[in-house]
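Printed here is run-v5.pdb (PDB, C-alpha atoms):
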```
ATOM      1  CA  MET X   1      72.483 -73.745 -75.528  1.00  0.00           C
ATOM      2  CA  ALA X   2      71.853 -70.006 -75.489  1.00  0.00           C
ATOM      3  CA  ALA X   3      74.063 -67.719 -73.369  1.00  0.00           C
ATOM      4  CA  LYS X   4      72.421 -65.835 -70.529  1.00  0.00           C
ATOM      5  CA  SER X   5      72.496 -62.042 -70.792  1.00  0.00           C
ATOM      6  CA  GLN X   6      74.152 -60.229 -67.909  1.00  0.00           C
ATOM      7  CA  ARG X   7      72.342 -57.482 -66.032  1.00  0.00           C
ATOM      8  CA  GLY X   8      73.845 -54.765 -63.826  1.00  0.00           C
ATOM      9  CA  PHE X   9      76.805 -52.427 -64.006  1.00  0.00           C
ATOM     10  CA  SER X  10      80.333 -53.283 -64.882  1.00  0.00           C
ATOM     11  CA  LEU X  11      83.133 -52.229 -62.561  1.00  0.00           C
ATOM     12  CA  ILE X  12      84.243 -49.533 -65.015  1.00  0.00           C
ATOM     13  CA  GLU X  13      80.729 -48.037 -65.221  1.00  0.00           C
ATOM     14  CA  LEU X  14      80.482 -47.972 -61.440  1.00  0.00           C
ATOM     15  CA  MET X  15      83.896 -46.269 -61.062  1.00  0.00           C
ATOM     16  CA  VAL X  16      82.999 -43.614 -63.660  1.00  0.00           C
ATOM     17  CA  THR X  17      79.754 -42.911 -61.784  1.00  0.00           C
ATOM     18  CA  VAL X  18      81.599 -42.551 -58.455  1.00  0.00           C
ATOM     19  CA  ILE X  19      84.194 -40.210 -59.986  1.00  0.00           C
ATOM     20  CA  VAL X  20      81.514 -37.993 -61.576  1.00  0.00           C
ATOM     21  CA  ALA X  21      79.630 -37.831 -58.254  1.00  0.00           C
ATOM     22  CA  ALA X  22      82.837 -36.882 -56.386  1.00  0.00           C
ATOM     23  CA  ILE X  23      83.563 -34.072 -58.855  1.00  0.00           C
ATOM     24  CA  LEU X  24      80.011 -32.721 -58.551  1.00  0.00           C
ATOM     25  CA  LEU X  25      80.231 -32.773 -54.744  1.00  0.00           C
ATOM     26  CA  ALA X  26      83.627 -31.047 -54.783  1.00  0.00           C
ATOM     27  CA  VAL X  27      82.095 -28.190 -56.770  1.00  0.00           C
ATOM     28  CA  ALA X  28      78.674 -28.036 -55.080  1.00  0.00           C
ATOM     29  CA  VAL X  29      79.570 -28.166 -51.374  1.00  0.00           C
ATOM     30  CA  PRO X  30      81.692 -24.966 -51.205  1.00  0.00           C
ATOM     31  CA  ASN X  31      79.146 -23.072 -53.320  1.00  0.00           C
ATOM     32  CA  MET X  32      76.294 -24.289 -51.117  1.00  0.00           C
ATOM     33  CA  ARG X  33      78.151 -23.114 -48.002  1.00  0.00           C
ATOM     34  CA  LYS X  34      78.597 -19.636 -49.467  1.00  0.00           C
ATOM     35  CA  PHE X  35      74.944 -19.609 -50.521  1.00  0.00           C
ATOM     36  CA  MET X  36      73.904 -20.441 -46.948  1.00  0.00           C
ATOM     37  CA  GLN X  37      76.148 -17.679 -45.531  1.00  0.00           C
ATOM     38  CA  ARG X  38      74.726 -15.090 -47.958  1.00  0.00           C
ATOM     39  CA  ASN X  39      71.241 -16.225 -46.973  1.00  0.00           C
ATOM     40  CA  ARG X  40      72.046 -15.782 -43.250  1.00  0.00           C
ATOM     41  CA  VAL X  41      73.287 -12.236 -43.852  1.00  0.00           C
ATOM     42  CA  ALA X  42      70.137 -11.357 -45.798  1.00  0.00           C
ATOM     43  CA  ASN X  43      67.915 -12.972 -43.155  1.00  0.00           C
ATOM     44  CA  GLN X  44      69.515 -11.157 -40.198  1.00  0.00           C
ATOM     45  CA  SER X  45      69.630  -7.863 -42.109  1.00  0.00           C
ATOM     46  CA  ASN X  46      65.933  -8.148 -42.963  1.00  0.00           C
ATOM     47  CA  SER X  47      65.089  -9.132 -39.393  1.00  0.00           C
ATOM     48  CA  ILE X  48      66.697  -6.100 -37.746  1.00  0.00           C
ATOM     49  CA  MET X  49      65.401  -3.798 -40.501  1.00  0.00           C
ATOM     50  CA  ALA X  50      61.862  -5.077 -39.930  1.00  0.00           C
ATOM     51  CA  ASP X  51      62.154  -4.566 -36.169  1.00  0.00           C
ATOM     52  CA  LEU X  52      63.548  -1.038 -36.554  1.00  0.00           C
ATOM     53  CA  THR X  53      60.664  -0.222 -38.891  1.00  0.00           C
ATOM     54  CA  PHE X  54      58.205  -1.838 -36.468  1.00  0.00           C
ATOM     55  CA  ALA X  55      59.571   0.204 -33.527  1.00  0.00           C
ATOM     56  CA  ARG X  56      59.322   3.407 -35.549  1.00  0.00           C
ATOM     57  CA  GLY X  57      55.741   2.626 -36.564  1.00  0.00           C
ATOM     58  CA  GLN X  58      54.741   1.782 -32.985  1.00  0.00           C
ATOM     59  CA  ALA X  59      56.248   5.035 -31.708  1.00  0.00           C
ATOM     60  CA  ALA X  60      54.400   7.085 -34.310  1.00  0.00           C
ATOM     61  CA  SER X  61      51.078   5.304 -33.861  1.00  0.00           C
ATOM     62  CA  THR X  62      51.104   5.431 -30.053  1.00  0.00           C
ATOM     63  CA  ARG X  63      52.771   8.865 -29.848  1.00  0.00           C
ATOM     64  CA  SER X  64      55.200   7.508 -27.262  1.00  0.00           C
ATOM     65  CA  TYR X  65      58.826   6.486 -26.935  1.00  0.00           C
ATOM     66  CA  ILE X  66      59.660   3.025 -28.277  1.00  0.00           C
ATOM     67  CA  SER X  67      63.205   1.810 -27.766  1.00  0.00           C
ATOM     68  CA  ILE X  68      65.286  -1.014 -29.128  1.00  0.00           C
ATOM     69  CA  CYS X  69      68.470  -2.236 -27.479  1.00  0.00           C
ATOM     70  CA  PRO X  70      70.884  -5.153 -27.852  1.00  0.00           C
ATOM     71  CA  ARG X  71      70.473  -7.982 -25.332  1.00  0.00           C
ATOM     72  CA  ALA X  72      73.387  -8.328 -22.895  1.00  0.00           C
ATOM     73  CA  THR X  73      73.076 -12.123 -22.835  1.00  0.00           C
ATOM     74  CA  THR X  74      71.039 -14.799 -24.530  1.00  0.00           C
ATOM     75  CA  THR X  75      69.383 -15.760 -21.248  1.00  0.00           C
ATOM     76  CA  ASP X  76      67.654 -12.525 -20.217  1.00  0.00           C
ATOM     77  CA  ASN X  77      66.328  -9.274 -21.659  1.00  0.00           C
ATOM     78  CA  THR X  78      68.729  -6.856 -19.994  1.00  0.00           C
ATOM     79  CA  CYS X  79      70.091  -4.198 -22.364  1.00  0.00           C
ATOM     80  CA  ALA X  80      73.761  -4.202 -23.311  1.00  0.00           C
ATOM     81  CA  THR X  81      75.716  -0.957 -23.287  1.00  0.00           C
ATOM     82  CA  THR X  82      77.486  -1.855 -26.536  1.00  0.00           C
ATOM     83  CA  GLY X  83      76.441  -1.844 -30.172  1.00  0.00           C
ATOM     84  CA  ASN X  84      76.730  -5.654 -30.375  1.00  0.00           C
ATOM     85  CA  TYR X  85      73.397  -7.217 -31.379  1.00  0.00           C
ATOM     86  CA  ASP X  86      74.715 -10.802 -31.638  1.00  0.00           C
ATOM     87  CA  ASN X  87      72.593 -11.925 -28.650  1.00  0.00           C
ATOM     88  CA  GLY X  88      69.433 -10.480 -30.175  1.00  0.00           C
ATOM     89  CA  TRP X  89      67.501  -7.357 -29.200  1.00  0.00           C
ATOM     90  CA  VAL X  90      64.466  -6.202 -27.281  1.00  0.00           C
ATOM     91  CA  ILE X  91      61.834  -3.641 -28.245  1.00  0.00           C
ATOM     92  CA  TYR X  92      60.063  -1.919 -25.366  1.00  0.00           C
ATOM     93  CA  THR X  93      58.073   1.155 -24.430  1.00  0.00           C
ATOM     94  CA  ALA X  94      60.110   3.761 -22.593  1.00  0.00           C
ATOM     95  CA  VAL X  95      59.232   6.567 -20.204  1.00  0.00           C
ATOM     96  CA  LYS X  96      62.030   8.723 -21.584  1.00  0.00           C
ATOM     97  CA  PRO X  97      64.458   8.388 -24.489  1.00  0.00           C
ATOM     98  CA  ASN X  98      67.526   6.158 -24.395  1.00  0.00           C
ATOM     99  CA  THR X  99      66.784   4.418 -21.104  1.00  0.00           C
ATOM    100  CA  ALA X 100      67.658   0.755 -20.872  1.00  0.00           C
ATOM    101  CA  TYR X 101      64.921  -1.808 -20.396  1.00  0.00           C
ATOM    102  CA  ASP X 102      64.737  -3.126 -16.843  1.00  0.00           C
ATOM    103  CA  PRO X 103      62.992  -6.512 -16.723  1.00  0.00           C
ATOM    104  CA  THR X 104      62.486  -6.170 -12.961  1.00  0.00           C
ATOM    105  CA  ALA X 105      60.739  -2.777 -13.143  1.00  0.00           C
ATOM    106  CA  THR X 106      57.092  -2.632 -12.177  1.00  0.00           C
ATOM    107  CA  ASP X 107      56.424   0.562 -14.142  1.00  0.00           C
ATOM    108  CA  ALA X 108      53.425  -0.017 -16.397  1.00  0.00           C
ATOM    109  CA  VAL X 109      54.769   2.416 -18.996  1.00  0.00           C
ATOM    110  CA  ALA X 110      58.031   0.532 -19.569  1.00  0.00           C
ATOM    111  CA  ARG X 111      56.800  -2.755 -21.003  1.00  0.00           C
ATOM    112  CA  LEU X 112      58.344  -5.329 -23.256  1.00  0.00           C
ATOM    113  CA  VAL X 113      56.902  -5.304 -26.782  1.00  0.00           C
ATOM    114  CA  ARG X 114      59.059  -7.818 -28.666  1.00  0.00           C
ATOM    115  CA  VAL X 115      62.168  -9.970 -28.199  1.00  0.00           C
ATOM    116  CA  THR X 116      64.176 -11.130 -31.202  1.00  0.00           C
ATOM    117  CA  LEU X 117      66.682 -13.945 -30.937  1.00  0.00           C
ATOM    118  CA  VAL X 118      69.344 -14.315 -33.586  1.00  0.00           C
ATOM    119  CA  ALA X 119      71.288 -17.196 -35.020  1.00  0.00           C
ATOM    120  CA  ASP X 120      74.945 -17.391 -34.055  1.00  0.00           C
ATOM    121  CA  ALA X 121      76.036 -17.512 -37.696  1.00  0.00           C
ATOM    122  CA  ALA X 122      76.115 -13.724 -38.225  1.00  0.00           C
ATOM    123  CA  SER X 123      77.554 -10.713 -36.431  1.00  0.00           C
ATOM    124  CA  ILE X 124      75.455  -7.571 -36.072  1.00  0.00           C
ATOM    125  CA  ARG X 125      77.150  -4.310 -35.019  1.00  0.00           C
ATOM    126  CA  ALA X 126      75.628  -0.830 -34.668  1.00  0.00           C
ATOM    127  CA  SER X 127      77.588   2.418 -34.830  1.00  0.00           C
ATOM    128  CA  SER X 128      75.620   3.717 -31.831  1.00  0.00           C
ATOM    129  CA  THR X 129      75.905   2.057 -28.441  1.00  0.00           C
ATOM    130  CA  GLY X 130      73.114   1.331 -25.997  1.00  0.00           C
ATOM    131  CA  PRO X 131      69.399   1.863 -26.592  1.00  0.00           C
ATOM    132  CA  LEU X 132      67.929   3.527 -29.668  1.00  0.00           C
ATOM    133  CA  THR X 133      64.657   5.368 -29.165  1.00  0.00           C
ATOM    134  CA  TYR X 134      62.015   6.516 -31.616  1.00  0.00           C
ATOM    135  CA  ASN X 135      59.874   9.450 -30.511  1.00  0.00           C
ATOM    136  CA  GLY X 136      56.195  10.045 -31.273  1.00  0.00           C
ATOM    137  CA  ARG X 137      57.086  11.498 -34.686  1.00  0.00           C
ATOM    138  CA  GLY X 138      59.103   8.407 -35.632  1.00  0.00           C
ATOM    139  CA  GLU X 139      62.440  10.197 -35.347  1.00  0.00           C
ATOM    140  CA  LEU X 140      65.531   8.360 -34.117  1.00  0.00           C
ATOM    141  CA  LEU X 141      67.030   9.486 -30.829  1.00  0.00           C
ATOM    142  CA  ALA X 142      70.317   7.683 -30.162  1.00  0.00           C
ATOM    143  CA  ALA X 143      72.100   7.501 -26.812  1.00  0.00           C
ATOM    144  CA  THR X 144      75.269   8.811 -28.468  1.00  0.00           C
ATOM    145  CA  ALA X 145      74.960  11.954 -30.571  1.00  0.00           C
ATOM    146  CA  LEU X 146      74.621  11.112 -34.253  1.00  0.00           C
ATOM    147  CA  THR X 147      76.592  13.267 -36.666  1.00  0.00           C
ATOM    148  CA  ALA X 148      75.531  11.107 -39.633  1.00  0.00           C
ATOM    149  CA  ASP X 149      73.202   8.214 -40.333  1.00  0.00           C
ATOM    150  CA  MET X 150      73.484   5.433 -37.801  1.00  0.00           C
ATOM    151  CA  THR X 151      74.722   2.195 -39.366  1.00  0.00           C
ATOM    152  CA  VAL X 152      74.055  -1.432 -38.542  1.00  0.00           C
ATOM    153  CA  THR X 153      76.503  -3.859 -40.139  1.00  0.00           C
ATOM    154  CA  VAL X 154      75.642  -7.537 -40.646  1.00  0.00           C
ATOM    155  CA  CYS X 155      78.321 -10.041 -41.690  1.00  0.00           C
ATOM    156  CA  ALA X 156      78.442 -13.839 -41.894  1.00  0.00           C
ATOM    157  CA  LYS X 157      80.607 -15.753 -39.432  1.00  0.00           C
ATOM    158  CA  ALA X 158      82.768 -18.563 -40.761  1.00  0.00           C
ATOM    159  CA  SER X 159      81.920 -20.552 -37.614  1.00  0.00           C
ATOM    160  CA  PRO X 160      79.626 -19.920 -34.612  1.00  0.00           C
ATOM    161  CA  SER X 161      82.656 -19.540 -32.326  1.00  0.00           C
ATOM    162  CA  ASP X 162      83.924 -16.480 -34.246  1.00  0.00           C
ATOM    163  CA  SER X 163      83.444 -13.206 -32.387  1.00  0.00           C
ATOM    164  CA  ILE X 164      82.849 -11.162 -35.532  1.00  0.00           C
ATOM    165  CA  GLY X 165      81.892 -11.961 -39.102  1.00  0.00           C
ATOM    166  CA  THR X 166      83.854 -11.324 -42.257  1.00  0.00           C
ATOM    167  CA  ASN X 167      83.070  -9.377 -45.412  1.00  0.00           C
ATOM    168  CA  THR X 168      84.288 -11.031 -48.610  1.00  0.00           C
ATOM    169  CA  THR X 169      83.474 -10.654 -52.281  1.00  0.00           C
ATOM    170  CA  SER X 170      81.805 -14.072 -52.348  1.00  0.00           C
ATOM    171  CA  VAL X 171      79.845 -13.463 -49.109  1.00  0.00           C
ATOM    172  CA  PRO X 172      79.403  -9.678 -48.781  1.00  0.00           C
ATOM    173  CA  GLY X 173      78.024  -8.139 -45.615  1.00  0.00           C
ATOM    174  CA  SER X 174      75.021  -5.847 -45.469  1.00  0.00           C
ATOM    175  CA  GLN X 175      74.796  -2.337 -44.047  1.00  0.00           C
ATOM    176  CA  LEU X 176      71.623  -0.687 -42.807  1.00  0.00           C
ATOM    177  CA  LEU X 177      71.499   3.102 -42.731  1.00  0.00           C
ATOM    178  CA  VAL X 178      69.115   4.639 -40.194  1.00  0.00           C
ATOM    179  CA  SER X 179      68.588   8.363 -40.753  1.00  0.00           C
ATOM    180  CA  HIS X 180      67.713  10.940 -38.088  1.00  0.00           C
ATOM    181  CA  SER X 181      64.164  10.882 -39.417  1.00  0.00           C
ATOM    182  CA  GLY X 182      64.048   7.142 -38.602  1.00  0.00           C
ATOM    183  CA  ARG X 183      63.948   5.860 -42.176  1.00  0.00           C
ATOM    184  CA  VAL X 184      65.853   2.606 -42.716  1.00  0.00           C
ATOM    185  CA  ALA X 185      67.661   1.731 -45.959  1.00  0.00           C
ATOM    186  CA  THR X 186      69.995  -1.121 -46.783  1.00  0.00           C
ATOM    187  CA  LYS X 187      72.942  -1.587 -49.087  1.00  0.00           C
ATOM    188  CA  PRO X 188      75.677  -4.178 -49.622  1.00  0.00           C
ATOM    189  CA  LEU X 189      78.798  -3.610 -47.537  1.00  0.00           C
ATOM    190  CA  ALA X 190      81.644  -2.233 -49.639  1.00  0.00           C
ATOM    191  CA  GLY X 191      84.336  -4.740 -50.593  1.00  0.00           C
ATOM    192  CA  GLY X 192      87.081  -4.919 -47.985  1.00  0.00           C
ATOM    193  CA  ALA X 193      85.084  -2.920 -45.427  1.00  0.00           C
ATOM    194  CA  ALA X 194      85.293  -4.027 -41.785  1.00  0.00           C
ATOM    195  CA  CYS X 195      82.351  -5.686 -40.061  1.00  0.00           C
ATOM    196  CA  THR X 196      82.415  -3.387 -37.044  1.00  0.00           C
TER
END
```
Take the structure from the file and write it as C-alpha cells.
Amino acid sequence: MAAKSQRGFSLIELMVTVIVAAILLAVAVPNMRKFMQRNRVANQSNSIMADLTFARGQAASTRSYISICPRATTTDNTCATTGNYDNGWVIYTAVKPNTAYDPTATDAVARLVRVTLVADAASIRASSTGPLTYNGRGELLAATALTADMTVTVCAKASPSDSIGTNTTSVPGSQLLVSHSGRVATKPLAGGAACT
C-alpha cells in the first residue's frame, strides 16, 4: 500500500513565517509613522503657502486689501489675536489693512473668500500675530511691524492632544518665509530649532 503524501505547513515552517512577519512589522511600523508625520508637515506647509500665495494674487488682481488670519476656534470664522493657526485660517476682503474678519458684519466690502480647516496632527505658528493683509501691489502688511521676513513654522505633533509640535531629525519641521514684498519661500526647519 502506498503512503499518502502530506500537504500543508509543518509547525516549524509556520513559526518561522510568524517570526519573520513580526520582525518586518517591528521595523516597518515606526518608519511608517515617521513617514506619515513628515507627510503631514509637508501637506500643512503646502496648504498655508498656497493660501498665502492665493491671497497675494487676489489682492493684486482686484487692487484691494485681502487679509488672512488664524481662526479663534474650529467652530466659527472669528479671527484670533495670536499667531496660532492650528484651528485653520480665513481669507477675506478687508476695507483697511490688518482688520479682523467679523462674520456678523453686513459690510459688502468685507466678505469671506476662503476658509481652510487643518488637521490636528500639526502645529502652525506665525511670527506675526493677528491678521496679515496684502495690498493692491501684493505687498505684505502685518499687524505687528516686521523688521525681517515673517515666518510660519509647521511641525508635526506626536499626538493630537499636544499643544505644539516637535522638530526632530527624523521628522523635521518646515519654515515658510514671507518677505515684505509678499513672496513666499519654504525651507526645512533647522535641527533643534523650536516650533514656535
>> Set the distance at 6 Å and use all atoms listed in the file: which residues neighbour range 51-55 of chain X once local chain neighbours fewer than 3 positions away are removed? I'd like the list as a ChimeraX atom specification.
In response: /X:48,58,66
> Hey, which of X:Ala126, X:Cys195, X:Ala190, X:Leu141 ends up closest to Thr81 in chain X? Count all atoms listed in the file.
Replying inline: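 The closest residue to Thr81 in chain X is X:Ala126.
For the pair CA of Ile124 in chain X and CA of Ala156 in chain X, the separation is 9.1 Å.
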> Mind telling me what the PyMOL selection byres ((chain X and resi 131) around 7) catches here, as a PyMOL selection string?
Replying inline: chain X and resi 67-69+98-100+129-130+132-133+142-143
Report, as lines of an AutoDock Vina configuration file, the axis-aligned box around all atoms of range 37-42 of chain X present in the file, extended by 8 Å on each side; give centre and edge lengths in Å to one decimal place.
```
center_x = 73.1
center_y = -14.5
center_z = -45.6
size_x = 22.0
size_y = 22.3
size_z = 20.7
```
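Between CA of Gln44 in chain X and CA of Ser174 in chain X the separation is 9.3 Å.
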>> Restricting the calculation to only C-alpha atoms: of X:Ala50, X:Leu140, X:Ala42, X:Leu189, which residue gets closest to Ala122 in chain X?
In response: X:Ala42
> Can you list, as a list in words, the residues that the PyMOL selection byres ((chain X and resi 116) around 12) selects here?
Replying inline: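 So the PyMOL selection byres ((chain X and resi 116) around 12), applied here, picks out Gln44, Ser47, Ile48, Met49, Ala50, Asp51, Leu52, Ile68, Cys69, Pro70, Arg71, Thr74, Asp76, Asn77, Tyr85, Asp86, Asn87, Gly88, Trp89, Val90, Ile91, Tyr92, Leu112, Val113, Arg114, Val115, Leu117, Val118 and Ala119 of chain X.
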> Between X:Gly182, X:Gly8, X:Gly173, X:Pro103, which one has atoms that come closest to Val41 in chain X, using all atoms listed in the file?
Replying inline: X:Gly173
> Using all atoms listed in the file, which residues sit within 9 Å of Ala110 in chain X once same-chain residues fewer than 3 positions away are excluded, as a list of chain:residue names?
Replying inline: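 The filter keeps X:Tyr92, X:Thr93, X:Ala94, X:Val95, X:Tyr101, X:Asp102, X:Ala105, X:Thr106, X:Asp107.
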Would you export the selected residues with C-alpha atoms as a JSON list (two decimals), in the frame of the given file, please?
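Result written to out_14.json:
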```
[["chain", "number", "residue", "atom", "x", "y", "z"],
["X", 92, "TYR", "CA", 60.06, -1.92, -25.37],
["X", 93, "THR", "CA", 58.07, 1.16, -24.43],
["X", 94, "ALA", "CA", 60.11, 3.76, -22.59],
["X", 95, "VAL", "CA", 59.23, 6.57, -20.20],
["X", 101, "TYR", "CA", 64.92, -1.81, -20.40],
["X", 102, "ASP", "CA", 64.74, -3.13, -16.84],
["X", 105, "ALA", "CA", 60.74, -2.78, -13.14],
["X", 106, "THR", "CA", 57.09, -2.63, -12.18],
["X", 107, "ASP", "CA", 56.42, 0.56, -14.14]]
```
>> The residues within 9 Å of (51.8, 10.9, -30.7), using only C-alpha atoms and the coordinates of the file, should be reported as a ChimeraX atom specification; which are they?
In response: /X:59-64,135-137
